[in-house]
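Visitor: Input file: structure-v8.cif. Contents: mmCIF, C-alpha atoms and all ligand atoms.
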data_work
#
loop_
_atom_site.label_atom_id
_atom_site.label_comp_id
_atom_site.auth_asym_id
_atom_site.auth_seq_id
_atom_site.Cartn_x
_atom_site.Cartn_y
_atom_site.Cartn_z
CA MET K 1 0.00 0.00 0.00
CA ALA K 2 1.60 3.26 -1.09
CA LEU K 3 2.03 6.04 1.43
CA VAL K 4 0.01 9.04 0.41
CA MET K 5 0.75 12.46 1.81
CA ALA K 6 -2.46 13.43 3.56
CA ILE K 7 -3.03 15.68 6.56
CA GLY K 8 -4.14 13.52 9.47
CA ARG K 9 -5.51 13.84 12.96
CA PHE K 10 -6.44 12.03 16.14
CA ALA K 11 -9.70 13.14 17.74
CA PRO K 12 -10.36 11.56 21.12
CA SER K 13 -13.34 12.34 23.32
CA PRO K 14 -11.92 13.43 26.69
CA THR K 15 -14.60 11.72 28.74
CA GLY K 16 -12.19 9.32 30.45
CA PRO K 17 -8.56 8.24 30.26
CA LEU K 18 -7.40 6.86 26.91
CA HIS K 19 -7.26 3.08 27.08
CA LEU K 20 -4.74 0.94 25.23
CA GLY K 21 -7.10 0.64 22.25
CA ASN K 22 -7.38 4.43 21.92
CA LEU K 23 -3.61 4.70 22.26
CA ARG K 24 -3.04 2.12 19.54
CA THR K 25 -5.40 4.03 17.23
CA ALA K 26 -3.52 7.26 18.05
CA LEU K 27 -0.19 5.59 17.30
CA LEU K 28 -1.51 4.32 13.96
CA ALA K 29 -3.06 7.68 13.01
CA TRP K 30 0.27 9.35 13.79
CA LEU K 31 2.23 6.74 11.81
CA PHE K 32 -0.06 7.07 8.76
CA ALA K 33 0.45 10.84 8.67
CA ARG K 34 4.06 11.22 9.75
CA SER K 35 5.43 8.34 7.66
CA ALA K 36 4.02 10.11 4.61
CA GLY K 37 5.58 13.41 5.71
CA SER K 38 2.17 14.93 6.46
CA ALA K 39 0.94 17.29 9.13
CA PHE K 40 -0.83 15.72 12.09
CA PHE K 41 -3.34 17.49 14.31
CA LEU K 42 -4.92 16.70 17.63
CA ARG K 43 -8.53 17.61 18.33
CA MET K 44 -10.43 17.13 21.54
CA ASP K 45 -14.01 16.10 20.73
CA ASP K 46 -15.29 17.70 23.91
CA LEU K 47 -18.88 18.60 22.99
CA ASP K 48 -20.00 16.70 26.08
CA SER K 49 -19.11 19.57 28.39
CA VAL K 50 -20.09 17.73 31.56
CA ALA K 51 -17.98 14.61 31.00
CA SER K 52 -15.01 16.40 29.35
CA ARG K 53 -13.02 17.51 32.39
CA PRO K 54 -9.72 19.50 32.20
CA GLU K 55 -7.81 16.83 34.13
CA LEU K 56 -8.93 14.18 31.62
CA ILE K 57 -7.73 16.35 28.73
CA ALA K 58 -4.36 16.91 30.43
CA GLY K 59 -4.06 13.17 31.14
CA GLN K 60 -4.77 12.24 27.52
CA LEU K 61 -2.19 14.72 26.20
CA ALA K 62 0.43 13.44 28.68
CA ASP K 63 -0.18 9.82 27.62
CA LEU K 64 0.17 10.64 23.92
CA GLU K 65 3.42 12.50 24.62
CA ALA K 66 4.71 9.62 26.76
CA LEU K 67 4.32 7.32 23.75
CA GLY K 68 6.40 9.73 21.65
CA LEU K 69 3.58 11.19 19.58
CA ASP K 70 3.64 14.85 18.60
CA TRP K 71 1.25 17.11 16.74
CA ASP K 72 1.29 20.35 14.81
CA GLY K 73 0.04 23.62 16.26
CA GLU K 74 -2.26 23.98 19.22
CA VAL K 75 -4.70 21.31 20.32
CA VAL K 76 -8.09 22.03 18.71
CA PHE K 77 -11.13 21.99 20.99
CA GLN K 78 -14.42 21.11 19.37
CA SER K 79 -16.36 22.95 22.09
CA ARG K 80 -14.81 26.27 20.98
CA ARG K 81 -16.03 25.90 17.42
CA HIS K 82 -19.71 26.34 18.05
CA ALA K 83 -20.07 29.24 15.62
CA LEU K 84 -18.65 27.13 12.81
CA HIS K 85 -21.03 24.25 13.54
CA GLU K 86 -23.97 26.64 13.76
CA ALA K 87 -23.10 28.23 10.42
CA ALA K 88 -22.97 24.82 8.73
CA LEU K 89 -26.27 23.86 10.31
CA GLN K 90 -27.86 27.08 9.08
CA ARG K 91 -26.61 26.43 5.55
CA LEU K 92 -28.31 23.04 5.53
CA VAL K 93 -31.53 24.54 6.93
CA ASP K 94 -31.45 27.37 4.35
CA ALA K 95 -30.95 24.86 1.56
CA GLY K 96 -34.15 23.09 2.66
CA LEU K 97 -32.30 19.85 3.37
CA THR K 98 -33.42 19.44 6.99
CA TYR K 99 -36.62 18.83 8.90
CA PRO K 100 -37.53 18.98 12.59
CA CYS K 101 -37.99 15.63 14.31
CA TYR K 102 -40.10 15.50 17.46
CA CYS K 103 -39.61 11.81 18.19
CA THR K 104 -38.23 10.84 21.56
CA ARG K 105 -35.44 8.28 21.73
CA ARG K 106 -37.99 5.83 23.09
CA GLU K 107 -40.39 6.35 20.18
CA ILE K 108 -37.60 5.77 17.70
CA ARG K 109 -36.45 2.68 19.55
CA GLU K 110 -39.95 1.24 19.71
CA ALA K 111 -40.59 1.90 16.03
CA THR K 112 -37.32 0.32 15.02
CA LEU K 113 -38.00 -2.73 17.18
CA ALA K 114 -41.15 -3.63 15.23
CA PRO K 115 -40.35 -7.21 14.17
CA HIS K 116 -40.07 -7.94 10.45
CA GLY K 117 -41.08 -4.37 9.63
CA PRO K 118 -39.25 -2.21 7.13
CA ASN K 119 -37.21 -0.89 10.02
CA ALA K 120 -36.00 -4.21 11.37
CA GLU K 121 -32.41 -3.08 10.73
CA GLY K 122 -32.83 -0.28 13.28
CA ARG K 123 -33.17 2.61 10.87
CA TYR K 124 -35.12 5.77 11.59
CA PRO K 125 -38.68 5.00 10.46
CA GLY K 126 -39.20 8.46 8.98
CA THR K 127 -42.03 9.39 11.38
CA CYS K 128 -41.46 13.17 11.14
CA ARG K 129 -40.17 13.34 7.54
CA ASP K 130 -43.36 14.55 5.94
CA LEU K 131 -45.39 16.08 8.76
CA THR K 132 -48.10 18.52 7.74
CA SER K 133 -47.95 21.93 9.36
CA SER K 134 -50.79 21.01 11.74
CA GLU K 135 -49.00 17.81 12.78
CA ARG K 136 -45.88 19.88 13.30
CA ALA K 137 -47.84 22.35 15.43
CA ARG K 138 -48.90 19.46 17.68
CA GLY K 139 -45.25 18.68 18.40
CA GLU K 140 -44.45 22.28 19.24
CA GLY K 141 -44.45 21.57 22.98
CA ARG K 142 -41.23 19.61 22.47
CA THR K 143 -37.98 21.01 21.13
CA PRO K 144 -37.23 19.13 17.94
CA ALA K 145 -33.99 17.59 16.80
CA LEU K 146 -33.00 18.40 13.20
CA ARG K 147 -32.52 15.68 10.63
CA LEU K 148 -30.88 15.78 7.23
CA ARG K 149 -33.06 14.27 4.50
CA GLY K 150 -31.21 11.12 3.44
CA GLU K 151 -33.82 9.39 1.25
CA SER K 152 -32.05 6.09 1.94
CA THR K 153 -28.98 7.24 0.07
CA ARG K 154 -26.45 4.47 -0.57
CA PHE K 155 -22.82 5.29 -0.03
CA VAL K 156 -19.92 3.20 -1.18
CA PHE K 157 -16.41 4.15 -0.27
CA ILE K 158 -13.04 2.47 -0.39
CA ASP K 159 -11.42 2.35 3.00
CA ARG K 160 -7.63 2.12 2.93
CA VAL K 161 -7.62 -0.68 5.49
CA CYS K 162 -11.03 -2.34 5.25
CA GLY K 163 -11.54 -2.06 1.50
CA ARG K 164 -14.94 -1.49 -0.12
CA PHE K 165 -17.71 -0.56 2.30
CA GLU K 166 -21.31 0.10 1.40
CA GLY K 167 -23.90 1.59 3.73
CA VAL K 168 -27.43 2.93 3.44
CA VAL K 169 -27.91 6.26 5.16
CA ASP K 170 -31.21 7.28 6.66
CA ASP K 171 -32.03 10.73 7.95
CA VAL K 172 -29.04 11.65 10.10
CA VAL K 173 -29.62 13.80 13.19
CA ILE K 174 -27.49 16.91 12.73
CA ALA K 175 -28.74 18.92 15.72
CA ARG K 176 -29.88 17.35 18.96
CA ASN K 177 -33.09 18.39 20.63
CA ASP K 178 -31.14 20.44 23.18
CA GLY K 179 -30.06 22.62 20.25
CA THR K 180 -26.44 21.45 20.18
CA PRO K 181 -24.87 20.31 16.90
CA ALA K 182 -24.80 16.53 16.70
CA TYR K 183 -21.56 14.56 16.62
CA ASN K 184 -21.98 13.60 12.95
CA LEU K 185 -22.17 17.26 11.95
CA ALA K 186 -19.41 18.59 14.21
CA VAL K 187 -16.88 15.94 13.17
CA VAL K 188 -17.45 16.57 9.47
CA VAL K 189 -17.35 20.36 9.78
CA ASP K 190 -14.21 20.29 11.93
CA ASP K 191 -12.34 17.83 9.72
CA HIS K 192 -13.14 20.00 6.71
CA ASP K 193 -12.18 23.24 8.43
CA MET K 194 -8.92 21.74 9.73
CA GLY K 195 -8.02 20.59 6.21
CA ILE K 196 -7.98 16.91 7.20
CA GLU K 197 -7.35 14.73 4.16
CA GLU K 198 -7.27 11.32 5.79
CA VAL K 199 -9.24 10.17 8.81
CA VAL K 200 -7.60 7.27 10.63
CA ARG K 201 -9.79 5.94 13.43
CA GLY K 202 -11.09 2.75 15.02
CA ASP K 203 -13.19 0.42 12.87
CA ASP K 204 -16.09 0.78 15.33
CA LEU K 205 -16.79 4.01 13.41
CA LEU K 206 -16.87 2.36 9.97
CA HIS K 207 -20.67 2.23 10.09
CA ALA K 208 -20.92 5.94 10.93
CA THR K 209 -18.93 6.93 7.86
CA PRO K 210 -21.69 6.81 5.21
CA ALA K 211 -23.75 9.23 7.35
CA GLN K 212 -20.76 11.53 7.61
CA LEU K 213 -20.22 11.29 3.86
CA LEU K 214 -23.82 12.40 3.36
CA VAL K 215 -23.28 15.39 5.66
CA ALA K 216 -20.08 16.26 3.79
CA ARG K 217 -21.81 15.99 0.41
CA SER K 218 -24.75 18.11 1.57
CA LEU K 219 -22.31 20.83 2.64
CA GLY K 220 -20.44 20.64 -0.68
CA TYR K 221 -17.22 19.41 0.93
CA LYS K 222 -14.64 17.17 -0.70
CA PRO K 223 -14.63 14.28 1.79
CA PRO K 224 -11.42 12.98 3.33
CA SER K 225 -10.23 9.46 2.67
CA TYR K 226 -10.67 6.95 5.47
CA ALA K 227 -8.56 4.28 7.10
CA HIS K 228 -10.44 2.39 9.79
CA VAL K 229 -7.97 0.45 11.86
CA PRO K 230 -8.81 -2.66 13.88
CA LEU K 231 -10.20 -1.96 17.31
CA LEU K 232 -8.21 -3.50 20.09
CA ARG K 233 -10.38 -5.97 21.99
CA GLY K 234 -9.98 -7.99 25.15
CA PRO K 235 -9.12 -11.69 25.02
CA ASP K 236 -12.87 -12.43 25.12
CA GLY K 237 -13.37 -10.43 21.91
CA GLU K 238 -15.23 -7.64 23.73
CA ARG K 239 -14.36 -3.93 23.74
CA LEU K 240 -11.69 -3.10 26.29
CA SER K 241 -13.09 -2.23 29.69
CA LYS K 242 -12.00 -2.19 33.32
CA ARG K 243 -12.75 -5.88 33.74
CA HIS K 244 -9.89 -6.62 31.35
CA GLY K 245 -7.43 -5.40 34.01
CA ALA K 246 -4.75 -2.74 33.45
CA ILE K 247 -5.96 -1.01 30.29
CA THR K 248 -4.57 2.52 30.62
CA LEU K 249 -0.99 3.70 30.30
CA GLY K 250 -1.09 4.96 33.90
CA GLU K 251 -2.14 1.53 35.15
CA ARG K 252 0.62 -0.15 33.14
CA LEU K 253 3.24 2.28 34.49
CA THR K 254 2.05 1.54 38.02
CA LEU K 255 2.70 -2.13 37.32
CA GLY K 256 6.32 -1.24 36.51
CA GLN K 257 6.19 -1.14 32.69
CA ARG K 258 7.85 1.70 30.79
CA ALA K 259 5.98 3.73 28.18
CA GLY K 260 8.29 2.41 25.42
CA GLU K 261 7.41 -1.15 26.39
CA VAL K 262 3.69 -0.41 26.21
CA ARG K 263 4.19 1.23 22.80
CA ALA K 264 6.10 -1.84 21.59
CA GLU K 265 3.29 -4.12 22.76
CA LEU K 266 0.73 -2.00 20.96
CA ALA K 267 2.83 -2.06 17.79
CA ALA K 268 3.37 -5.82 18.02
CA SER K 269 -0.35 -6.44 18.57
CA VAL K 270 -1.06 -5.06 15.11
CA GLY K 271 1.91 -6.60 13.35
CA LEU K 272 4.23 -3.57 13.20
CA CYS K 273 7.03 -5.34 15.05
CA ALA K 274 7.70 -8.78 16.47
CA PRO K 275 6.55 -9.55 20.03
CA GLY K 276 9.37 -8.76 22.45
CA GLU K 277 11.06 -6.22 20.17
CA GLN K 278 11.45 -2.69 21.53
CA PRO K 279 11.52 -0.34 18.52
CA SER K 280 11.88 3.37 19.19
CA ILE K 281 9.18 5.65 17.79
CA ASN K 282 11.56 6.60 14.96
CA GLU K 283 12.21 2.97 14.10
CA LEU K 284 8.46 2.32 13.99
CA LEU K 285 8.09 5.33 11.74
CA ALA K 286 10.86 4.20 9.38
CA SER K 287 9.43 0.69 8.98
CA PHE K 288 5.71 1.56 8.91
CA ASP K 289 3.79 -0.33 6.27
CA PRO K 290 -0.02 0.07 6.38
CA SER K 291 -0.53 -3.19 4.47
CA ARG K 292 0.70 -5.08 7.55
CA LEU K 293 -2.37 -3.94 9.49
CA ASN K 294 -4.84 -6.35 8.00
CA LYS K 295 -4.64 -8.72 10.88
CA PRO K 296 -7.14 -9.63 13.58
CA SER K 297 -6.73 -7.45 16.67
CA LYS K 298 -4.93 -9.03 19.56
CA ARG K 299 -4.63 -7.83 23.10
CA PRO K 300 -1.15 -6.51 23.94
N1 LIG K 401 -14.20 11.46 19.13
C1 LIG K 401 -14.56 10.17 18.60
C2 LIG K 401 -14.26 9.10 19.63
O1 LIG K 401 -13.44 9.28 20.50
C3 LIG K 401 -13.79 9.83 17.35
C4 LIG K 401 -14.10 10.75 16.23
C5 LIG K 401 -13.38 10.39 14.95
O2 LIG K 401 -12.24 9.88 15.03
O3 LIG K 401 -13.94 10.65 13.90
O4 LIG K 401 -14.89 8.05 19.57
#
How does this structure look as structure tokens?

Guide:
Amino acid sequence: MALVMAIGRFAPSPTGPLHLGNLRTALLAWLFARSAGSAFFLRMDDLDSVASRPELIAGQLADLEALGLDWDGEVVFQSRRHALHEAALQRLVDAGLTYPCYCTRREIREATLAPHGPNAEGRYPGTCRDLTSSERARGEGRTPALRLRGESTRFVFIDRVCGRFEGVVDDVVIARNDGTPAYNLAVVVDDHDMGIEEVVRGDDLLHATPAQLLVARSLGYKPPSYAHVPLLRGPDGERLSKRHGAITLGERLTLGQRAGEVRAELAASVGLCAPGEQPSINELLASFDPSRLNKPSKRP
């Protein structure tokens, strides 16, 4: 797989400490960008202002630095870019591409649970898509979310790691019913504004990508390319969580490991070095080959 110069980024949500899976994704995102001689940015996806605490942000930055990762310019904070998100939202509203949705989470869940119905796959059933003005008036007691009209658009894209991926997009929520821009809007607007050309992130977000491509297309953006890297899982195949033991860098350091050893384990777990080797960050950079990533995730 050829290395393509493309501005990259890592965009964690600072709602807890980074676990080893997040750190492996960060390492890979950094390697993709830096090995191609590209700029690399760090953005804190901190729209959840309650959970995103300053000490968590500081802890995440310290862990990334301890692994030898660097980034260009200042850290970007999503929460400080509200005006940009609002302007994008307004453009979509002005273009007539959105509609208010009064459904509660529960109503959507119940509708999508209808067995054998057209929504058995869990898609939005379109309840509010074509409300008459009097039906809309009846919902006025509730603050609506805003949805982008998707009309079951199919999106196919070629992921640099996962290959061809096809998804059907329903009507994506682009503003939540508390008025804040939704994640799928903010991520797309920020990546575009930051000039991101390649998004490297965990493959748990592969399914969210067609929706983000729809948002990008509706805003007239050239979308970035994507590389969804394998998510690190526990030995039981589940997402990493506390019950898997020491899963943060801090916990590993407390057990007497050094940051370089943790980095080497992360690299070995995805085939970038042999188990037991201790490559420096520069050695990892020099030997980085994205085609060696197509391996099942293993726990370091
Ligand atoms: N902030 C998101 C997360 O931590 C990732 C966003 C992205 O990489 O596009 O799950």

Visitor: Quick one: which range 59-98 of chain K residues come within 9 Å of range 258-282 of chain K, and what is the nearest atom pair for each with the distance in Å to one decimal, counting all atoms listed in the file, rows ordered by chain and ascending number, as CSV?

Guide:
residue,atom,partner,partner_atom,distance
K:Asp63,CA,K:Ala259,CA,8.7
K:Ala66,CA,K:Ala259,CA,6.2
K:Leu67,CA,K:Ala259,CA,5.9
K:Gly68,CA,K:Ile281,CA,6.3
K:Leu69,CA,K:Ile281,CA,8.1

Visitor: If I take CA of Ala83 in chain K and CA of Ile174 in chain K, how far is one from the other in Å, to one decimal?

Guide: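 So the answer is 14.7 Å.
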
Visitor: Put the listed atoms of range 49-57 of chain K in a box along x, y and z with 3 Å added on every side and give me the centre and edge lengths in Å to one decimal, as lines of an AutoDock Vina configuration file.

Guide:
center_x = -13.9
center_y = 16.9
center_z = 31.3
size_x = 18.4
size_y = 11.4
size_z = 11.7

Visitor: Can you tell me which residues sit at most 6 Å away from ligand LIG 401 (chain K), counting all atoms listed in the file, written as number ranges by chain?

Guide: K: 11-13, 45, 201

Visitor: With all atoms listed in the file as the atoms that count, which of K:Asp178, K:Asp159, K:Glu198, K:Glu55 lies nearest to His228 in chain K?

Guide: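 Ranked by minimum distance to His228 in chain K, first place goes to K:Asp159.
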
Visitor: Determine, counting all atoms listed in the file, which protein, DNA and RNA residues have an atom within 6 Å of an atom of range 246-248 of chain K; residues of the same chain fewer than 2 positions away are not included. Present the result as a list in words.

Guide: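 Contacts, with the query itself left out: His19, Leu20, Gly250, Glu251 and Arg252 of chain K.
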
Visitor: Quick one: pull the distance between CA of Ser152 in chain K and CA of Asn177 in chain K, Å, one decimal.

Guide: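 One can read the CA of Ser152 in chain K to CA of Asn177 in chain K distance as 22.4 Å.
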
Visitor: Which residue is closest to Ala186 in chain K? Choose from K:Thr104, K:Gln212, K:Thr143, K:Thr127 and count all atoms listed in the file.

Guide: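 Selected residue with least distance to Ala186 in chain K: K:Gln212.
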
Visitor: Calculated over all atoms listed in the file, which of the candidates K:Asp204, K:Trp30, K:Arg129, K:Pro224 has the smallest distance to Arg239 in chain K?

Guide: K:Asp204

Visitor: Hey, which of K:Val189, K:Ala211, K:Val50, K:Val229 ends up closest to Leu84 in chain K? Count all atoms listed in the file.

Guide: K:Val189

Visitor: Do you know which residues are at most 12 Å from Leu146 in chain K counting only C-alpha atoms, after dropping those on the same chain fewer than 6 positions away, and could you put them as JSON, numbers by chain?

Guide: {"K": [89, 90, 92, 93, 96, 97, 98, 99, 100, 101, 102, 103, 128, 129, 171, 172, 173, 174, 175, 176, 177, 178, 179, 180, 181, 182, 185]}

Visitor: Add whatever atoms are absent from range 141-174 of chain K to reach N, CA and C atoms, and provide the output as a PDB file, in the coordinates of the input.

Guide:
ATOM      1  N   GLY K 141     -44.794  21.578  21.561  1.00  0.00           N
ATOM      2  CA  GLY K 141     -44.450  21.570  22.980  1.00  0.00           C
ATOM      3  C   GLY K 141     -43.033  21.036  23.208  1.00  0.00           C
ATOM      4  N   ARG K 142     -42.566  20.210  22.315  1.00  0.00           N
ATOM      5  CA  ARG K 142     -41.230  19.610  22.470  1.00  0.00           C
ATOM      6  C   ARG K 142     -40.250  20.359  21.575  1.00  0.00           C
ATOM      7  N   THR K 143     -38.999  20.431  22.017  1.00  0.00           N
ATOM      8  CA  THR K 143     -37.980  21.010  21.130  1.00  0.00           C
ATOM      9  C   THR K 143     -37.560  19.908  20.162  1.00  0.00           C
ATOM     10  N   PRO K 144     -37.585  20.201  18.877  1.00  0.00           N
ATOM     11  CA  PRO K 144     -37.230  19.130  17.940  1.00  0.00           C
ATOM     12  C   PRO K 144     -35.720  18.973  17.757  1.00  0.00           C
ATOM     13  N   ALA K 145     -35.333  17.779  17.355  1.00  0.00           N
ATOM     14  CA  ALA K 145     -33.990  17.590  16.800  1.00  0.00           C
ATOM     15  C   ALA K 145     -34.089  17.988  15.326  1.00  0.00           C
ATOM     16  N   LEU K 146     -32.967  18.125  14.649  1.00  0.00           N
ATOM     17  CA  LEU K 146     -33.000  18.400  13.200  1.00  0.00           C
ATOM     18  C   LEU K 146     -32.377  17.227  12.477  1.00  0.00           C
ATOM     19  N   ARG K 147     -33.055  16.779  11.440  1.00  0.00           N
ATOM     20  CA  ARG K 147     -32.520  15.680  10.630  1.00  0.00           C
ATOM     21  C   ARG K 147     -32.229  16.155   9.214  1.00  0.00           C
ATOM     22  N   LEU K 148     -31.232  15.514   8.618  1.00  0.00           N
ATOM     23  CA  LEU K 148     -30.880  15.780   7.230  1.00  0.00           C
ATOM     24  C   LEU K 148     -31.613  14.737   6.385  1.00  0.00           C
ATOM     25  N   ARG K 149     -32.310  15.212   5.349  1.00  0.00           N
ATOM     26  CA  ARG K 149     -33.060  14.270   4.500  1.00  0.00           C
ATOM     27  C   ARG K 149     -32.099  13.352   3.747  1.00  0.00           C
ATOM     28  N   GLY K 150     -32.164  12.058   4.055  1.00  0.00           N
ATOM     29  CA  GLY K 150     -31.210  11.120   3.440  1.00  0.00           C
ATOM     30  C   GLY K 150     -31.801  10.343   2.288  1.00  0.00           C
ATOM     31  N   GLU K 151     -33.130  10.149   2.309  1.00  0.00           N
ATOM     32  CA  GLU K 151     -33.820   9.390   1.250  1.00  0.00           C
ATOM     33  C   GLU K 151     -33.124   8.061   0.986  1.00  0.00           C
ATOM     34  N   SER K 152     -32.725   7.395   2.055  1.00  0.00           N
ATOM     35  CA  SER K 152     -32.050   6.090   1.940  1.00  0.00           C
ATOM     36  C   SER K 152     -30.918   6.095   0.924  1.00  0.00           C
ATOM     37  N   THR K 153     -30.114   7.124   0.997  1.00  0.00           N
ATOM     38  CA  THR K 153     -28.980   7.240   0.070  1.00  0.00           C
ATOM     39  C   THR K 153     -27.970   6.114   0.334  1.00  0.00           C
ATOM     40  N   ARG K 154     -27.498   5.490  -0.720  1.00  0.00           N
ATOM     41  CA  ARG K 154     -26.450   4.470  -0.570  1.00  0.00           C
ATOM     42  C   ARG K 154     -25.098   5.130  -0.731  1.00  0.00           C
ATOM     43  N   PHE K 155     -24.180   4.774   0.114  1.00  0.00           N
ATOM     44  CA  PHE K 155     -22.820   5.290  -0.030  1.00  0.00           C
ATOM     45  C   PHE K 155     -21.844   4.142  -0.095  1.00  0.00           C
ATOM     46  N   VAL K 156     -20.989   4.186  -1.076  1.00  0.00           N
ATOM     47  CA  VAL K 156     -19.920   3.200  -1.180  1.00  0.00           C
ATOM     48  C   VAL K 156     -18.625   3.985  -1.081  1.00  0.00           C
ATOM     49  N   PHE K 157     -17.724   3.521  -0.265  1.00  0.00           N
ATOM     50  CA  PHE K 157     -16.410   4.150  -0.270  1.00  0.00           C
ATOM     51  C   PHE K 157     -15.351   3.073  -0.085  1.00  0.00           C
ATOM     52  N   ILE K 158     -14.149   3.429  -0.495  1.00  0.00           N
ATOM     53  CA  ILE K 158     -13.040   2.470  -0.390  1.00  0.00           C
ATOM     54  C   ILE K 158     -12.197   2.893   0.798  1.00  0.00           C
ATOM     55  N   ASP K 159     -12.210   2.071   1.808  1.00  0.00           N
ATOM     56  CA  ASP K 159     -11.420   2.350   3.000  1.00  0.00           C
ATOM     57  C   ASP K 159     -10.010   1.810   2.780  1.00  0.00           C
ATOM     58  N   ARG K 160      -9.010   2.554   3.205  1.00  0.00           N
ATOM     59  CA  ARG K 160      -7.630   2.120   2.930  1.00  0.00           C
ATOM     60  C   ARG K 160      -7.256   0.835   3.651  1.00  0.00           C
ATOM     61  N   VAL K 161      -7.924   0.551   4.752  1.00  0.00           N
ATOM     62  CA  VAL K 161      -7.620  -0.680   5.490  1.00  0.00           C
ATOM     63  C   VAL K 161      -8.674  -1.748   5.238  1.00  0.00           C
ATOM     64  N   CYS K 162      -9.943  -1.354   5.313  1.00  0.00           N
ATOM     65  CA  CYS K 162     -11.030  -2.340   5.250  1.00  0.00           C
ATOM     66  C   CYS K 162     -11.512  -2.622   3.836  1.00  0.00           C
ATOM     67  N   GLY K 163     -11.092  -1.832   2.869  1.00  0.00           N
ATOM     68  CA  GLY K 163     -11.540  -2.060   1.500  1.00  0.00           C
ATOM     69  C   GLY K 163     -12.905  -1.440   1.221  1.00  0.00           C
ATOM     70  N   ARG K 164     -13.656  -2.067   0.302  1.00  0.00           N
ATOM     71  CA  ARG K 164     -14.940  -1.490  -0.120  1.00  0.00           C
ATOM     72  C   ARG K 164     -15.967  -1.614   1.002  1.00  0.00           C
ATOM     73  N   PHE K 165     -16.655  -0.522   1.289  1.00  0.00           N
ATOM     74  CA  PHE K 165     -17.710  -0.560   2.300  1.00  0.00           C
ATOM     75  C   PHE K 165     -18.926   0.153   1.745  1.00  0.00           C
ATOM     76  N   GLU K 166     -20.078  -0.508   1.913  1.00  0.00           N
ATOM     77  CA  GLU K 166     -21.310   0.100   1.400  1.00  0.00           C
ATOM     78  C   GLU K 166     -22.282   0.240   2.566  1.00  0.00           C
ATOM     79  N   GLY K 167     -22.917   1.397   2.672  1.00  0.00           N
ATOM     80  CA  GLY K 167     -23.900   1.590   3.730  1.00  0.00           C
ATOM     81  C   GLY K 167     -25.073   2.398   3.206  1.00  0.00           C
ATOM     82  N   VAL K 168     -26.245   2.143   3.788  1.00  0.00           N
ATOM     83  CA  VAL K 168     -27.430   2.930   3.440  1.00  0.00           C
ATOM     84  C   VAL K 168     -27.623   3.952   4.545  1.00  0.00           C
ATOM     85  N   VAL K 169     -27.809   5.205   4.161  1.00  0.00           N
ATOM     86  CA  VAL K 169     -27.910   6.260   5.160  1.00  0.00           C
ATOM     87  C   VAL K 169     -29.358   6.699   5.282  1.00  0.00           C
ATOM     88  N   ASP K 170     -29.875   6.702   6.492  1.00  0.00           N
ATOM     89  CA  ASP K 170     -31.210   7.280   6.660  1.00  0.00           C
ATOM     90  C   ASP K 170     -31.044   8.742   7.084  1.00  0.00           C
ATOM     91  N   ASP K 171     -32.072   9.295   7.686  1.00  0.00           N
ATOM     92  CA  ASP K 171     -32.030  10.730   7.950  1.00  0.00           C
ATOM     93  C   ASP K 171     -31.217  11.043   9.204  1.00  0.00           C
ATOM     94  N   VAL K 172     -29.979  11.428   8.991  1.00  0.00           N
ATOM     95  CA  VAL K 172     -29.040  11.650  10.100  1.00  0.00           C
ATOM     96  C   VAL K 172     -29.483  12.814  10.963  1.00  0.00           C
ATOM     97  N   VAL K 173     -29.388  12.671  12.282  1.00  0.00           N
ATOM     98  CA  VAL K 173     -29.620  13.800  13.190  1.00  0.00           C
ATOM     99  C   VAL K 173     -28.397  14.714  13.121  1.00  0.00           C
ATOM    100  N   ILE K 174     -28.628  15.982  12.789  1.00  0.00           N
ATOM    101  CA  ILE K 174     -27.490  16.910  12.730  1.00  0.00           C
ATOM    102  C   ILE K 174     -27.526  17.956  13.840  1.00  0.00           C
TER     103      ILE K 174
END
